[in-house]
>>> print(open('run_23.cif').read())   # mmCIF, C-alpha atoms
data_coords
loop_
_atom_site.label_atom_id
_atom_site.label_comp_id
_atom_site.auth_asym_id
_atom_site.auth_seq_id
_atom_site.Cartn_x
_atom_site.Cartn_y
_atom_site.Cartn_z
CA LYS A 1 18.62 -0.03 8.62
CA ALA A 2 16.63 -3.22 8.09
CA GLY A 3 13.31 -2.87 6.32
CA VAL A 4 9.95 -4.41 7.15
CA THR A 5 10.26 -8.18 7.35
CA GLN A 6 7.36 -10.49 6.73
CA THR A 7 7.37 -14.23 7.31
CA PRO A 8 6.64 -16.59 5.79
CA ARG A 9 6.89 -15.29 2.24
CA TYR A 10 4.82 -18.09 0.75
CA LEU A 11 2.47 -20.62 2.24
CA ILE A 12 -0.20 -23.04 1.15
CA LYS A 13 -3.11 -24.04 3.35
CA THR A 14 -6.36 -25.92 2.91
CA ARG A 15 -9.86 -24.72 3.60
CA GLY A 16 -10.78 -24.75 7.27
CA GLN A 17 -7.21 -24.40 8.51
CA GLN A 18 -5.87 -21.34 10.24
CA VAL A 19 -2.76 -19.30 9.50
CA THR A 20 -0.54 -16.86 11.36
CA LEU A 21 1.57 -14.28 9.55
CA SER A 22 4.33 -12.30 11.17
CA CYS A 23 5.63 -8.79 10.59
CA SER A 24 8.73 -7.14 12.07
CA PRO A 25 8.63 -3.37 11.55
CA ILE A 26 11.52 -1.03 10.98
CA SER A 27 13.36 -0.33 14.22
CA GLY A 28 11.73 2.62 15.96
CA HIS A 29 8.43 2.28 14.13
CA ARG A 30 5.52 1.76 16.49
CA SER A 31 2.66 1.61 14.01
CA VAL A 32 1.97 -1.54 12.01
CA SER A 33 -0.75 -1.83 9.37
CA TRP A 34 -1.98 -4.87 7.49
CA TYR A 35 -3.47 -5.00 4.02
CA GLN A 36 -4.95 -7.72 1.87
CA GLN A 37 -4.25 -7.50 -1.84
CA THR A 38 -6.21 -9.47 -4.43
CA PRO A 39 -6.63 -8.97 -8.17
CA GLY A 40 -10.35 -8.35 -7.81
CA GLN A 41 -10.47 -6.15 -4.72
CA GLY A 42 -7.13 -4.40 -4.84
CA LEU A 43 -5.53 -3.21 -1.61
CA GLN A 44 -7.88 -3.48 1.33
CA PHE A 45 -7.08 -2.24 4.81
CA LEU A 46 -7.29 -4.91 7.49
CA PHE A 47 -6.18 -3.21 10.71
CA GLU A 48 -3.60 -0.93 12.25
CA TYR A 49 -1.83 -1.25 15.58
CA PHE A 50 0.07 1.32 17.59
CA SER A 51 1.72 0.60 20.91
CA GLU A 52 -0.03 -2.77 21.18
CA THR A 53 -3.49 -1.23 20.64
CA GLN A 54 -5.65 -1.72 17.60
CA ARG A 55 -6.40 1.79 16.41
CA ASN A 56 -8.47 1.06 13.36
CA LYS A 57 -10.04 -1.92 11.62
CA GLY A 58 -11.24 -2.49 8.09
CA ASN A 59 -14.38 -4.25 6.97
CA PHE A 60 -13.33 -7.87 7.37
CA PRO A 61 -15.02 -10.72 9.22
CA GLY A 62 -14.00 -11.70 12.72
CA ARG A 63 -11.95 -14.59 11.32
CA PHE A 64 -9.26 -11.99 10.68
CA SER A 65 -7.49 -10.88 13.81
CA GLY A 66 -4.19 -9.40 14.80
CA ARG A 67 -2.04 -8.31 17.65
CA GLN A 68 1.06 -6.30 18.36
CA PHE A 69 3.73 -7.08 20.88
CA SER A 70 5.70 -4.75 23.12
CA ASN A 71 8.63 -4.77 20.66
CA SER A 72 6.19 -3.57 17.93
CA ARG A 73 6.29 -6.85 16.05
CA SER A 74 2.86 -7.83 14.84
CA GLU A 75 1.04 -10.97 13.85
CA MET A 76 -2.18 -11.50 12.00
CA ASN A 77 -4.27 -14.63 12.14
CA VAL A 78 -6.91 -15.94 9.82
CA SER A 79 -9.04 -18.78 11.14
CA THR A 80 -11.27 -21.17 9.23
CA LEU A 81 -9.65 -20.34 5.92
CA GLU A 82 -11.79 -19.94 2.81
CA LEU A 83 -10.73 -20.08 -0.83
CA GLY A 84 -11.33 -16.34 -1.09
CA ASP A 85 -8.66 -15.67 1.52
CA SER A 86 -6.00 -16.46 -1.07
CA ALA A 87 -4.13 -13.19 -1.39
CA LEU A 88 -0.94 -11.27 -0.87
CA TYR A 89 -0.93 -9.98 2.72
CA LEU A 90 1.12 -6.84 3.11
CA CYS A 91 2.41 -5.37 6.30
CA ALA A 92 3.57 -1.77 6.58
CA SER A 93 5.16 0.15 9.40
CA SER A 94 5.33 3.80 10.32
CA ILE A 95 6.71 5.90 13.15
CA GLN A 96 3.29 7.19 14.16
CA SER A 97 -0.33 6.30 13.44
CA SER A 98 -1.68 9.68 12.53
CA GLY A 99 -0.59 12.77 10.74
CA ALA A 100 2.03 13.12 8.06
CA ASN A 101 3.75 9.77 8.20
CA VAL A 102 4.95 7.39 5.52
CA LEU A 103 4.06 3.71 5.33
CA THR A 104 6.99 1.44 4.52
CA PHE A 105 5.90 -1.92 3.19
CA GLY A 106 7.29 -5.40 3.50
CA ALA A 107 7.53 -7.80 0.58
CA GLY A 108 4.33 -9.57 1.63
CA SER A 109 3.18 -13.06 2.50
CA ARG A 110 1.56 -14.91 -0.39
CA LEU A 111 -1.19 -17.18 0.97
CA THR A 112 -2.79 -19.82 -1.23
CA VAL A 113 -5.83 -21.64 0.10
CA LEU A 114 -6.70 -24.94 -1.60
CA ALA B 1 -15.02 9.52 3.80
CA GLN B 2 -11.73 9.74 2.02
CA SER B 3 -11.20 7.88 -1.21
CA VAL B 4 -8.88 7.69 -4.20
CA THR B 5 -9.73 7.17 -7.86
CA GLN B 6 -7.26 6.11 -10.48
CA PRO B 7 -9.24 6.32 -13.72
CA ASP B 8 -6.81 4.33 -15.85
CA ILE B 9 -6.56 0.61 -15.11
CA HIS B 10 -3.88 -0.03 -17.74
CA ILE B 11 -1.62 2.28 -19.72
CA THR B 12 0.87 1.38 -22.44
CA VAL B 13 3.62 3.78 -23.46
CA SER B 14 6.68 3.45 -25.65
CA GLU B 15 10.10 3.56 -24.07
CA GLY B 16 11.36 7.12 -24.06
CA ALA B 17 7.88 8.62 -24.19
CA SER B 18 6.45 10.77 -21.43
CA LEU B 19 4.05 9.41 -18.86
CA GLU B 20 1.21 10.81 -16.80
CA LEU B 21 -0.82 8.70 -14.39
CA ARG B 22 -3.95 10.26 -13.02
CA CYS B 23 -5.13 10.31 -9.42
CA ASN B 24 -8.15 12.04 -7.92
CA TYR B 25 -8.87 12.03 -4.23
CA SER B 26 -11.63 12.91 -1.83
CA TYR B 27 -10.50 14.09 1.57
CA GLY B 28 -11.99 16.35 4.20
CA ALA B 29 -8.88 18.20 5.28
CA THR B 30 -5.43 18.89 3.91
CA PRO B 31 -4.53 15.58 2.31
CA TYR B 32 -1.41 13.58 2.80
CA LEU B 33 -0.79 12.14 -0.66
CA PHE B 34 1.46 9.35 -1.87
CA TRP B 35 2.46 7.43 -4.95
CA TYR B 36 3.74 3.88 -4.58
CA VAL B 37 5.05 1.43 -7.17
CA GLN B 38 4.76 -2.34 -7.01
CA SER B 39 6.67 -4.88 -9.08
CA PRO B 40 5.08 -8.33 -9.51
CA GLY B 41 5.01 -10.33 -6.29
CA GLN B 42 6.64 -7.56 -4.30
CA GLY B 43 5.62 -5.03 -1.72
CA LEU B 44 4.96 -1.37 -2.40
CA GLN B 45 7.81 1.11 -2.72
CA LEU B 46 7.29 4.78 -2.03
CA LEU B 47 7.94 7.00 -5.07
CA LEU B 48 7.04 10.35 -3.54
CA LYS B 49 4.79 12.09 -1.06
CA TYR B 50 3.06 15.42 -0.52
CA PHE B 51 2.41 16.75 2.94
CA SER B 52 2.46 20.52 2.48
CA GLY B 53 4.35 23.34 0.79
CA ASP B 54 5.52 23.26 -2.79
CA THR B 55 2.82 21.60 -4.87
CA LEU B 56 5.31 20.05 -7.29
CA VAL B 57 7.14 17.22 -5.56
CA GLN B 58 10.08 15.24 -6.81
CA GLY B 59 10.51 11.57 -6.14
CA ILE B 60 12.82 8.71 -6.86
CA LYS B 61 13.55 7.24 -10.30
CA GLY B 62 12.88 10.59 -12.03
CA PHE B 63 9.18 10.77 -11.09
CA GLU B 64 7.37 13.92 -10.04
CA ALA B 65 3.79 14.72 -9.06
CA GLU B 66 1.76 17.88 -8.83
CA PHE B 67 -0.85 18.56 -6.18
CA LYS B 68 -3.79 20.58 -7.49
CA ARG B 69 -6.22 21.34 -4.71
CA SER B 70 -8.81 22.93 -7.03
CA GLN B 71 -8.98 19.72 -9.07
CA SER B 72 -8.46 17.31 -6.14
CA SER B 73 -5.74 15.69 -8.19
CA PHE B 74 -2.25 14.39 -7.63
CA ASN B 75 -1.02 13.19 -11.02
CA LEU B 76 2.26 11.36 -11.42
CA ARG B 77 4.57 12.25 -14.31
CA LYS B 78 7.83 11.15 -15.84
CA PRO B 79 9.40 12.84 -18.88
CA SER B 80 10.98 9.72 -20.38
CA VAL B 81 9.89 6.21 -19.47
CA HIS B 82 12.37 3.34 -19.18
CA TRP B 83 11.54 -0.33 -19.68
CA SER B 84 12.24 -0.90 -15.97
CA ASP B 85 9.32 1.40 -15.09
CA ALA B 86 6.85 -1.31 -16.09
CA ALA B 87 4.95 -2.04 -12.86
CA GLU B 88 1.74 -1.20 -11.04
CA TYR B 89 1.35 2.25 -9.57
CA PHE B 90 -0.84 3.15 -6.62
CA CYS B 91 -1.98 6.53 -5.43
CA ALA B 92 -2.89 6.83 -1.75
CA VAL B 93 -4.28 9.41 0.65
CA GLY B 94 -4.37 9.60 4.43
CA ALA B 95 -2.46 8.74 7.54
CA PRO B 96 -1.22 5.28 8.57
CA ASP B 97 -4.28 4.56 10.70
CA ASP B 98 -6.63 5.34 7.80
CA MET B 99 -4.78 5.12 4.48
CA ARG B 100 -6.85 4.67 1.33
CA PHE B 101 -5.38 3.34 -1.89
CA GLY B 102 -6.57 3.63 -5.45
CA ALA B 103 -7.19 0.53 -7.53
CA GLY B 104 -3.85 0.94 -9.26
CA THR B 105 -2.68 1.61 -12.80
CA ARG B 106 -0.70 -1.05 -14.56
CA LEU B 107 2.02 0.39 -16.80
CA THR B 108 3.31 -1.53 -19.80
CA VAL B 109 6.36 -0.18 -21.63
CA LYS B 110 6.76 -1.00 -25.32
CA PRO B 111 10.30 -1.28 -26.69
#
>>> encode(input="run_23.cif", output="structure tokens")
Amino acid sequence: KAGVTQTPRYLIKTRGQQVTLSCSPISGHRSVSWYQQTPGQGLQFLFEYFSETQRNKGNFPGRFSGRQFSNSRSEMNVSTLELGDSALYLCASSIQSSGANVLTFGAGSRLTVL
Amino acid sequence: AQSVTQPDIHITVSEGASLELRCNYSYGATPYLFWYVQSPGQGLQLLLKYFSGDTLVQGIKGFEAEFKRSQSSFNLRKPSVHWSDAAEYFCAVGAPDDMRFGAGTRLTVKP
């Protein structure tokens, strides 16, 4: 069974640009969550999608957005990049959104903003 | 609001020694508790979870954790640490649509 796949693994952008990251969940998983990980702030929840609907959102500016497609694949977009957006972006999938369910993580997308 | 505290930012143990990583949580209802491990530049791997039932749970790689409701704790233990256990460990509480992670504990293993 394939795991959670995130693409690209590494990317470098400059301030002001925008970036799109992709996440393919485990087959059968309908919930996809996104996290930002930085040395200073740790793991911060961005948003969670289930059946193409955003169920929950963390405390991030509107420059951070996401969506989920009918096949459960998800993308997140960051517009007008800032230096502070440099981070490891982790995607995780789960069968359901609520209750006793396990998050399975991808390897992450390492974004560097210059 | 739910939250997780990992009091130890960095722990160093000798190879072969025992290990205990602390985790305290705040949660309104019966908590769903997890321990994850992360190697540098990688995603998080699930070590073990507690949903209900037996308060001592066994995980992969010889790890175990004990849920203590009275102390709001879910400490991770391993009787004998191997050099390959050097990594960052995260405690988490909640469901996928509202999962909260601790700040992590970085484990260094001395030869």
>>> resolve_selection(input="run_23.cif", expression="the PyMOL selection byres ((chain A and resi 37-44) around 6)", output="ChimeraX atom specification")
/A:35-36,45,87-88 /B:103
>>> residues_around(input="run_23.cif", residues="Glu52 of chain A", least_positions_apart="3", cutoff="10 Å", atoms="only C-alpha atoms", output="ChimeraX atom specification")
/A:30-32,48-49,55,67-74
>>> write_last_selection(input="run_23.cif", atoms="C-alpha atoms", output="JSON list (two decimals), in the coordinates of the input")
[["chain", "number", "residue", "atom", "x", "y", "z"],
["A", 30, "ARG", "CA", 5.52, 1.76, 16.49],
["A", 31, "SER", "CA", 2.66, 1.61, 14.01],
["A", 32, "VAL", "CA", 1.97, -1.54, 12.01],
["A", 48, "GLU", "CA", -3.60, -0.93, 12.25],
["A", 49, "TYR", "CA", -1.83, -1.25, 15.58],
["A", 55, "ARG", "CA", -6.40, 1.79, 16.41],
["A", 67, "ARG", "CA", -2.04, -8.31, 17.65],
["A", 68, "GLN", "CA", 1.06, -6.30, 18.36],
["A", 69, "PHE", "CA", 3.73, -7.08, 20.88],
["A", 70, "SER", "CA", 5.70, -4.75, 23.12],
["A", 71, "ASN", "CA", 8.63, -4.77, 20.66],
["A", 72, "SER", "CA", 6.19, -3.57, 17.93],
["A", 73, "ARG", "CA", 6.29, -6.85, 16.05],
["A", 74, "SER", "CA", 2.86, -7.83, 14.84]]
>>> atom_distance(input="run_23.cif", atom1="atom CA of Arg63 of chain A", atom2="atom CA of Val78 of chain A")
5.4 Å
>>> atom_distance(input="run_23.cif", atom1="atom CA of Val4 of chain A", atom2="atom CA of Ser84 of chain B")
23.5 Å
>>> interface_residues(input="run_23.cif", of="chain B", to="chain A", cutoff="12 Å", atoms="only C-alpha atoms", output="PyMOL selection string")
chain B and resi 4+6+9+29-52+88-106
>>> atom_distance(input="run_23.cif", atom1="atom CA of His10 of chain B", atom2="atom CA of Ile60 of chain B")
21.8 Å
>>> resolve_selection(input="run_23.cif", expression="the PyMOL selection byres ((chain B and resi 71) around 12)", output="PyMOL selection string")
chain B and resi 22-26+66-70+72-75
>>> closest_residue(input="run_23.cif", among="A:Ile12, A:Val113, A:Ala2, A:Met76", to="Gly28 of chain A", atoms="all atoms listed in the file")
A:Ala2
>>> resolve_selection(input="run_23.cif", expression="the PyMOL selection byres ((chain B and resi 15) around 7)", output="list in words")
Val13, Ser14, Gly16, Ala17, Val81, His82, Trp83, Val109, Lys110 and Pro111 of chain B
>>> residues_near_point(input="run_23.cif", point="(10.9, -8.1, 11.3)", cutoff="8 Å", atoms="only C-alpha atoms", output="PyMOL selection string")
chain A and resi 3-6+22-26+73
>>> closest_residue(input="run_23.cif", among="A:Thr53, A:Thr20, A:Thr7, A:Thr14", to="Glu75 of chain A", atoms="only C-alpha atoms")
A:Thr20
>>> closest_residue(input="run_23.cif", among="A:Asn77, A:Ser51, A:Asn59, A:Thr112", to="Leu21 of chain A", atoms="only C-alpha atoms")
A:Asn77
>>> residues_around(input="run_23.cif", residues="Leu81 of chain A", least_positions_apart="2", cutoff="9 Å", atoms="only C-alpha atoms", output="NGL selection string")
:A and (13-19 or 63 or 78-79 or 83-86 or 113)
